[in-house]
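A.B. asks: I'd like to ask you about the structure that follows.
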Amino acid sequence: MVLTIAGFDPSGGAGIAADLKTFAAHNCYGVAALTALTIQNTQGVTASHAAPFASLRECIQSLFDDSPIRAVKIGMLATRSNAEVVAETLDAHPDLPSVLDPVWRSSSGAPLLDETGFAYLRANLLSRASVVTPNLEEAAELTHLKVEDVNGMRVAASTLIEMGARAVVVTGGHLADKAPDKAIDVFADETGIETFVGERMKPENTHGTGCAFSSAVAANLALGRRLRESIMLAKAYVAEAIRRAYPTGGGRLPLNHFYRVQESPRVTDHAPALAETAH
Ligand code: PLP
């Protein structure tokens, strides 16, 4: 089982729904603990209602009581008290692989974690997670540095390691104007810094890429893969899910998390043969 601790996006592009689809696409059974109900569609977030921290704690406990959890992905937390419940969870399960997506606000600008919550995440969750996956804006917010090009990503990644993170991937999907053909991510851990370069996939205007990436890393870790391999596989998965994004809604396109399933032969392809053997 793989657990996501995150918010719910009713339009299914980000948050818990996207995380569960990503786990399933990796052949992992996913479970979820809700931190907030957001009101949003593909055009943006219009409201967010935080879940009470006591129910988050109860939900996480109930899932851990039921079956072994092989990895956890942590996304939108909404409040400081929810972030504290996550710290308790990571302390209670020190060997559990954990991927922290330090979600701060949506692309449409809506806050997804309150100010004291973000300060708490920075001081207490960064160092507890196995790996942290900020985008450019989140890396800038965490380090108080400008993160606008690959060099800025490298400086931010090593600063996050100095701040106590065990491993970091700064995702450069938003570098479109600087590197139009490349999707560049910067990885750092205590041994050094590495740059992962992939092919940039269109359409660019997609929703929930950070959620899919961090969940795909968590699923690969749950399957027993090492961190670098998990990151590279997650990058390739997200690139293709972006390329196959659904042309739906009036805003940013939701990724196609299940493109691999759609590559399998369709049932109708077998239908004539089955019909022949039936009589
Ligand atoms: N909604 C929820 C519940 C999320 O967890 C996130 C990101 O993690 C978002 C919205 C924002 O996604 P995006 O910035 O891709 O729109």
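Scheme for the structure tokens: letters A, B, ... for chains in order shown; per-chain residue numbers from 1; ligand numbers from 1 in order shown.
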Tell me, as number ranges by chain, which residues lie within 8 Å of A:Leu113, counting only C-alpha atoms; anything in the same chain fewer than 4 positions away does not count.

C.D. replies: A: 76-80, 103-105, 117-118

A.B. asks: Selected residues, C-alpha atoms, written as a compact mmCIF listing (two decimals), in the first residue's frame, please.

C.D. replies:
# COMPACT_ATOMS: atom_id res chain seq x y z
CA MET A 76 -1.08 19.96 0.24
CA LEU A 77 -1.34 20.29 4.05
CA ALA A 78 -3.52 23.43 4.44
CA THR A 79 -2.67 24.12 8.09
CA ARG A 80 0.17 24.01 10.58
CA VAL A 103 2.97 22.62 -1.79
CA TRP A 104 2.58 26.30 -1.03
CA ARG A 105 0.07 27.73 -3.46
CA GLY A 117 2.26 25.92 8.32
CA PHE A 118 4.83 26.71 5.64

A.B. asks: When you look at A:Thr35 with a cut-off of 8 Å (counting only C-alpha atoms), what residues show up, excluding the ones that are within fewer than 5 positions of it in the same chain? I need them as JSON, numbers by chain.

C.D. replies: {"A": [5, 6, 7, 8, 50, 51, 52, 53, 56, 76, 77, 78, 82]}

A.B. asks: Could those selected residues go to a file with C-alpha atoms, as a compact mmCIF listing (two decimals), in the first residue's frame?

C.D. replies:
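Generated file (part.txt):
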# COMPACT_ATOMS: atom_id res chain seq x y z
CA ILE A 5 -1.60 12.74 2.65
CA ALA A 6 -3.02 15.58 0.55
CA GLY A 7 -5.94 17.77 -0.44
CA PHE A 8 -8.86 16.81 -2.69
CA ALA A 50 -9.11 22.42 5.86
CA ALA A 51 -9.78 19.04 7.45
CA PRO A 52 -9.61 18.99 11.27
CA PHE A 53 -6.16 17.75 12.34
CA LEU A 56 -6.37 13.51 9.79
CA MET A 76 -1.08 19.96 0.24
CA LEU A 77 -1.34 20.29 4.05
CA ALA A 78 -3.52 23.43 4.44
CA ASN A 82 -1.98 19.13 9.79

A.B. asks: If we count only C-alpha atoms, what is near A:Ser98 at a cut-off of 6 Å, once residues fewer than 4 positions away on the same chain are taken out, given as number ranges by chain?

C.D. replies: A: 71-73, 129-130

A.B. asks: Can you tell me which residues come within 9 Å of ligand 1 when counting only C-alpha atoms and all ligand atoms, ideally as an NGL selection string?

C.D. replies: :A and (6-10 or 12-18 or 35-40 or 42-45 or 48 or 75-77 or 101-110 or 112 or 206-212 or 252 or 254)

A.B. asks: For the residues in that selection, give me N, CA and C atoms as a compact mmCIF listing (two decimals), in the first residue's frame.

C.D. replies:
# COMPACT_ATOMS: atom_id res chain seq x y z
N ALA A 6 -2.89 14.45 1.49
CA ALA A 6 -3.02 15.58 0.55
C ALA A 6 -4.44 16.12 0.52
N GLY A 7 -4.63 17.15 -0.29
CA GLY A 7 -5.94 17.77 -0.44
C GLY A 7 -6.71 17.12 -1.58
N PHE A 8 -8.02 17.36 -1.62
CA PHE A 8 -8.86 16.81 -2.69
C PHE A 8 -9.18 17.89 -3.72
N ASP A 9 -8.87 17.59 -4.97
CA ASP A 9 -9.21 18.48 -6.08
C ASP A 9 -10.36 17.79 -6.83
N PRO A 10 -11.59 18.35 -6.73
CA PRO A 10 -12.74 17.68 -7.35
C PRO A 10 -12.60 17.51 -8.86
N GLY A 12 -9.98 16.45 -10.30
CA GLY A 12 -9.18 15.24 -10.52
C GLY A 12 -7.81 15.45 -11.14
N GLY A 13 -7.43 16.70 -11.37
CA GLY A 13 -6.13 16.94 -12.00
C GLY A 13 -4.98 16.89 -11.03
N ALA A 14 -5.25 17.31 -9.76
CA ALA A 14 -4.19 17.38 -8.75
C ALA A 14 -4.67 16.66 -7.49
N GLY A 15 -3.86 16.77 -6.42
CA GLY A 15 -4.28 16.25 -5.11
C GLY A 15 -4.50 14.75 -5.07
N ILE A 16 -5.35 14.35 -4.10
CA ILE A 16 -5.58 12.93 -3.81
C ILE A 16 -5.99 12.11 -5.03
N ALA A 17 -6.90 12.63 -5.82
CA ALA A 17 -7.38 11.85 -6.98
C ALA A 17 -6.23 11.58 -7.95
N ALA A 18 -5.41 12.59 -8.20
CA ALA A 18 -4.26 12.42 -9.10
C ALA A 18 -3.26 11.45 -8.50
N THR A 35 -6.40 16.22 3.84
CA THR A 35 -6.01 17.41 4.62
C THR A 35 -6.94 18.59 4.35
N ALA A 36 -7.59 18.59 3.18
CA ALA A 36 -8.46 19.73 2.84
C ALA A 36 -9.34 19.37 1.65
N LEU A 37 -10.52 19.96 1.65
CA LEU A 37 -11.38 19.89 0.46
C LEU A 37 -11.20 21.22 -0.27
N THR A 38 -10.65 21.17 -1.47
CA THR A 38 -10.57 22.41 -2.25
C THR A 38 -11.76 22.47 -3.19
N ILE A 39 -12.14 23.69 -3.53
CA ILE A 39 -13.15 23.88 -4.57
C ILE A 39 -12.38 24.39 -5.77
N GLN A 40 -12.34 23.61 -6.82
CA GLN A 40 -11.59 24.02 -8.01
C GLN A 40 -12.05 23.26 -9.23
N THR A 42 -10.61 23.10 -13.70
CA THR A 42 -9.35 23.24 -14.43
C THR A 42 -8.89 24.70 -14.50
N GLN A 43 -9.81 25.64 -14.19
CA GLN A 43 -9.47 27.07 -14.32
C GLN A 43 -8.87 27.66 -13.05
N GLY A 44 -8.92 26.93 -11.93
CA GLY A 44 -8.27 27.44 -10.72
C GLY A 44 -9.00 27.06 -9.45
N VAL A 45 -8.36 27.40 -8.32
CA VAL A 45 -8.90 27.09 -6.99
C VAL A 45 -9.69 28.30 -6.51
N SER A 48 -10.89 26.72 -0.18
CA SER A 48 -10.25 25.55 0.43
C SER A 48 -10.76 25.42 1.86
N GLY A 75 1.47 15.95 0.25
CA GLY A 75 1.20 17.07 -0.66
C GLY A 75 0.64 18.26 0.11
N MET A 76 -0.46 18.80 -0.40
CA MET A 76 -1.08 19.96 0.24
C MET A 76 -1.44 19.65 1.70
N LEU A 77 -1.07 20.55 2.64
CA LEU A 77 -1.34 20.29 4.05
C LEU A 77 -2.35 21.27 4.65
N ASP A 101 6.18 16.89 -1.19
CA ASP A 101 5.96 17.92 -2.20
C ASP A 101 5.57 19.17 -1.40
N PRO A 102 6.48 20.15 -1.28
CA PRO A 102 6.22 21.28 -0.37
C PRO A 102 5.24 22.29 -0.97
N VAL A 103 4.01 21.83 -1.12
CA VAL A 103 2.97 22.62 -1.79
C VAL A 103 2.69 23.89 -0.99
N TRP A 104 2.74 25.01 -1.70
CA TRP A 104 2.58 26.30 -1.03
C TRP A 104 1.35 27.02 -1.56
N ARG A 105 1.28 27.17 -2.87
CA ARG A 105 0.07 27.73 -3.46
C ARG A 105 -0.15 27.15 -4.85
N SER A 106 -1.38 27.29 -5.34
CA SER A 106 -1.69 26.72 -6.65
C SER A 106 -1.14 27.62 -7.74
N SER A 107 -1.08 27.09 -8.95
CA SER A 107 -0.60 27.91 -10.08
C SER A 107 -1.50 29.12 -10.28
N SER A 108 -2.78 28.98 -9.87
CA SER A 108 -3.70 30.12 -10.02
C SER A 108 -3.54 31.11 -8.86
N GLY A 109 -2.62 30.83 -7.92
CA GLY A 109 -2.29 31.79 -6.86
C GLY A 109 -2.99 31.57 -5.53
N ALA A 110 -3.85 30.55 -5.42
CA ALA A 110 -4.57 30.32 -4.16
C ALA A 110 -3.65 29.68 -3.12
N LEU A 112 -2.38 27.18 -0.44
CA LEU A 112 -2.73 25.79 -0.14
C LEU A 112 -2.13 25.35 1.21
N THR A 206 -0.34 22.54 -18.18
CA THR A 206 -0.95 21.37 -17.52
C THR A 206 -1.11 21.61 -16.03
N HIS A 207 -1.96 20.79 -15.44
CA HIS A 207 -2.36 20.95 -14.05
C HIS A 207 -2.03 19.67 -13.28
N GLY A 208 -1.38 19.82 -12.12
CA GLY A 208 -1.13 18.66 -11.26
C GLY A 208 0.14 17.88 -11.57
N THR A 209 1.09 18.51 -12.29
CA THR A 209 2.32 17.77 -12.63
C THR A 209 3.15 17.47 -11.37
N GLY A 210 3.18 18.43 -10.43
CA GLY A 210 3.95 18.22 -9.19
C GLY A 210 3.38 17.05 -8.38
N CYS A 211 2.05 16.95 -8.36
CA CYS A 211 1.39 15.85 -7.63
C CYS A 211 1.75 14.52 -8.27
N ALA A 212 1.65 14.45 -9.60
CA ALA A 212 1.93 13.18 -10.30
C ALA A 212 3.40 12.80 -10.13
N ARG A 252 -6.36 24.80 -17.40
CA ARG A 252 -5.13 24.01 -17.65
C ARG A 252 -5.49 22.53 -17.75
N PRO A 254 -5.73 18.57 -17.48
CA PRO A 254 -5.32 17.52 -16.55
C PRO A 254 -4.48 16.45 -17.25

A.B. asks: Please measure the separation of atom CA of A:Lys235 and atom CA of A:Glu263, giving the value in Å to one decimal.

C.D. replies: 18.8 Å

A.B. asks: If I take atom CA of A:Val197 and atom CA of A:Asn256, how far is one from the other in Å, to one decimal?

C.D. replies: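 Taking atom CA of A:Val197 as the start and atom CA of A:Asn256 as the end point, the length is 21.7 Å.
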
A.B. asks: Write down as a list in words the residues belonging to stretch 105-190 of chain A that are assigned strand (DSSP E) by DSSP computed on the backbone.

C.D. replies: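 Written out, the strand (DSSP E) residues of stretch 105-190 of chain A are Val131, Val132, Ala167, Val168, Val169, Val170, Thr171, Lys182, Ala183, Ile184, Asp185, Val186, Phe187, Ala188 and Asp189 of chain A.
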
A.B. asks: For A:Ile161, which residue out of A:Lys182, A:Arg70, A:Arg200, A:Arg122 is the nearest one, using only C-alpha atoms?

C.D. replies: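 That would be A:Arg122, the residue with the smallest distance to A:Ile161.
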
A.B. asks: Applying 10 Å and only C-alpha atoms, which residues near A:Thr89 remain after dropping the ones on its own chain fewer than 3 positions away? List them as a list in words.

C.D. replies: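 Residues meeting the cut-off are Arg57, Ile60, Gln61, Phe64, Ala83, Glu84, Val85, Val86, Ala92, His93, Pro94 and Leu96 of chain A.
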
A.B. asks: Determine, counting only C-alpha atoms, which protein, DNA and RNA residues have an atom within 10 Å of an atom of A:Leu221; residues of the same chain fewer than 3 positions away are not included. Present the result as a ChimeraX atom specification.

C.D. replies: /A:2,70-72,96-99,215-218,224-231

A.B. asks: Find, counting only C-alpha atoms, the residue in A:Leu136, A:Leu63, A:Cys28, A:Leu100 that gets nearest to A:Leu121.

C.D. replies: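 Closest to A:Leu121 of all the choices is A:Leu100.
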
A.B. asks: I want to know what sits within 7 Å of A:Ala241, based on only C-alpha atoms, with residues of the same chain fewer than 3 positions away left out; could you give that as a list in words?

C.D. replies: Tyr237, Val238, Arg244, Ala245, Leu255, Asn256, His257 and Tyr259 of chain A

A.B. asks: Using only C-alpha atoms, which residue out of A:Gly173, A:Ala183, A:Leu90, A:Asp189 lies closest to A:Leu160?

C.D. replies: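 Ranked by minimum distance to A:Leu160, first place goes to A:Asp189.
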
A.B. asks: Tell me which of A:Arg128, A:Leu223, A:Ala123, A:Arg154 sits closest to A:Leu142, counting only C-alpha atoms.

C.D. replies: A:Ala123

A.B. asks: Can you tell me, as a count of residues only, what residues are no more than 10 Å from A:Glu190 when counting only C-alpha atoms, ignoring any on the same chain fewer than 3 positions away?

C.D. replies: 9

A.B. asks: Please identify which residues in stretch 55-250 of chain A DSSP calls helix (DSSP H, G or I) from the backbone, and express them as a PyMOL selection string.

C.D. replies: chain A and resi 55-66+80-92+115-125+136-143+150-162+209-222+227-243
